[in-house]
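Student: Structure below; questions to follow.
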Amino acid sequence: MRTERFTLEGFQKNMLLRFIVITAIGGIVATILFYVLTSRRLNEVIYTFHLPDSINEFLLPYMITANLTGLLVVIIALILAMKSVFWKVAGPLFRISQDIQKLIDGDLTVNIRLRKDDEFKDLAEDFDLMGKSMRDKFVKIKERFSELSGTVTDMSICHDDKELFKEKKDLLKKNIKELREGLDAFKI
């Protein structure tokens, strides 16, 4: 069975771009370091006329030093980038999770607000739309309930007046129908 995962295209592009940039910077640093170290050594050899037995003996220590230094720079840069990404992801997810818990607890006044540049801004806006939609539906249901309560109270007072009683009964039927329509909007 294939598992589908929720992904954010912009987030993936940012991560890939950061990885490419950091790797490129590491390669450039390693190349520059290698060039600086070997050119200094080549100048020393040229002036002293001390030529090594092989090119490996001559360049290997500098190649290892340059590449290890470049690797260290890339690792540090990746750690810093991942820490930055972690906070850009963990913070918004934590705020969204807290606000969703408030919705679960019945607080329909919640609005999920994230910073302009947060990765999950679109997701937060979708949750806000969901909360607003639920809020609007519950407001209508509460209004119908209040009207029903008022009509039932009026009916108990005017049960002797048949004309008024019939009018209240029709209003009661209409409010019950509207209340049912409001409740039917929810799939359970």
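The chains in the structure tokens are called A, B, ... from first to last as shown; in each chain the residues are counted from 1, and the ligands are counted from 1 in the order shown.
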Please, which residues in region 43-129 of chain A fall within 6 Å of region 9-30 of chain A when counting only C-alpha atoms, and what is the closest atom pair and distance in Å to one decimal for each, ordered by chain then residue number, as CSV?
Tutor:
```
residue,atom,partner,partner_atom,distance
A:Ala66,CA,A:Ala30,CA,5.3
A:Asn67,CA,A:Ala30,CA,5.4
A:Gly70,CA,A:Ala30,CA,4.4
A:Val74,CA,A:Gly26,CA,5.0
```
Student: Leaving out region 110-120 of chain A and any residue of its chain fewer than 3 positions from it, which residues lie within 9 Å of it when counting only C-alpha atoms, given as a VMD selection string?
Tutor: chain A and resid 8 10 to 11 88 to 89 91 to 93 95 to 96 99 to 100 102 to 103 107 123 to 125 127 to 129 131 to 132
Student: May I have the residues from that selection written out with N, CA and C atoms, as a short mmCIF file (atom, residue, chain, number, x, y, z; two decimals), in the first residue's frame?
Tutor:
```cif
data_model
loop_
_atom_site.label_atom_id
_atom_site.label_comp_id
_atom_site.auth_asym_id
_atom_site.auth_seq_id
_atom_site.Cartn_x
_atom_site.Cartn_y
_atom_site.Cartn_z
N LEU A 8 4.64 20.48 1.32
CA LEU A 8 4.49 21.85 0.87
C LEU A 8 5.55 22.10 -0.19
N GLY A 10 6.60 24.76 -1.79
CA GLY A 10 7.51 25.88 -1.53
C GLY A 10 8.55 25.52 -0.48
N PHE A 11 8.13 24.79 0.54
CA PHE A 11 9.03 24.37 1.60
C PHE A 11 10.11 23.44 1.04
N LYS A 88 11.71 27.37 11.94
CA LYS A 88 10.70 27.87 11.02
C LYS A 88 9.54 26.88 10.89
N VAL A 89 9.80 25.61 11.15
CA VAL A 89 8.75 24.59 11.05
C VAL A 89 8.13 24.31 12.42
N GLY A 91 8.03 26.07 15.28
CA GLY A 91 7.27 27.16 15.90
C GLY A 91 5.85 27.28 15.34
N PRO A 92 5.72 27.42 14.01
CA PRO A 92 4.37 27.50 13.45
C PRO A 92 3.52 26.26 13.73
N LEU A 93 4.11 25.08 13.65
CA LEU A 93 3.34 23.86 13.93
C LEU A 93 2.87 23.83 15.38
N ARG A 95 2.20 26.52 17.25
CA ARG A 95 1.10 27.48 17.37
C ARG A 95 -0.18 26.94 16.74
N ILE A 96 -0.06 26.30 15.58
CA ILE A 96 -1.23 25.72 14.92
C ILE A 96 -1.84 24.63 15.82
N ASP A 99 -3.80 26.17 18.72
CA ASP A 99 -5.08 26.75 18.28
C ASP A 99 -6.08 25.66 17.87
N ILE A 100 -5.60 24.58 17.28
CA ILE A 100 -6.50 23.48 16.93
C ILE A 100 -7.07 22.86 18.21
N LYS A 102 -7.71 24.41 20.92
CA LYS A 102 -8.78 25.31 21.38
C LYS A 102 -10.05 25.07 20.58
N LEU A 103 -9.91 24.85 19.25
CA LEU A 103 -11.08 24.53 18.43
C LEU A 103 -11.73 23.23 18.90
N ASP A 107 -13.78 26.34 21.41
CA ASP A 107 -13.58 27.78 21.27
C ASP A 107 -13.53 28.13 19.79
N LEU A 123 -1.62 26.82 5.40
CA LEU A 123 -2.33 25.84 6.22
C LEU A 123 -3.09 26.55 7.35
N ALA A 124 -2.46 27.53 7.97
CA ALA A 124 -3.12 28.28 9.04
C ALA A 124 -4.34 29.03 8.50
N GLU A 125 -4.22 29.60 7.30
CA GLU A 125 -5.36 30.30 6.69
C GLU A 125 -6.51 29.34 6.41
N PHE A 127 -7.17 26.61 8.15
CA PHE A 127 -7.80 26.33 9.45
C PHE A 127 -8.67 27.50 9.90
N ASP A 128 -8.22 28.73 9.61
CA ASP A 128 -9.03 29.90 9.93
C ASP A 128 -10.35 29.88 9.17
N LEU A 129 -10.29 29.52 7.89
CA LEU A 129 -11.53 29.43 7.10
C LEU A 129 -12.46 28.36 7.67
N GLY A 131 -12.59 27.36 10.82
CA GLY A 131 -13.14 27.89 12.06
C GLY A 131 -14.24 28.92 11.80
N LYS A 132 -14.03 29.79 10.82
CA LYS A 132 -15.03 30.80 10.49
C LYS A 132 -16.31 30.14 9.98
#
```
Student: Quick one: pull the distance between CA of Val73 (chain A) and CA of Val85 (chain A), Å, one decimal.
Tutor: 18.1 Å
Student: Just how far from CA of Lys187 (chain A) is CA of Thr151 (chain A), in Å to one decimal?
Tutor: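 Computing it gives 27.9 Å between the two atoms.
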Student: Can you measure CA of Thr31 (chain A) to CA of Leu72 (chain A) for me? One decimal in Å is fine.
Tutor: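 So the two atoms, CA of Thr31 (chain A) and CA of Leu72 (chain A), lie 13.6 Å apart.
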Student: Write out as a PyMOL selection string the residues lying within 12 Å of Glu143 (chain A), counting only C-alpha atoms and excluding same-chain residues fewer than 5 positions away.
Tutor: chain A and resi 136-138+148-150+175-176+178-179+182
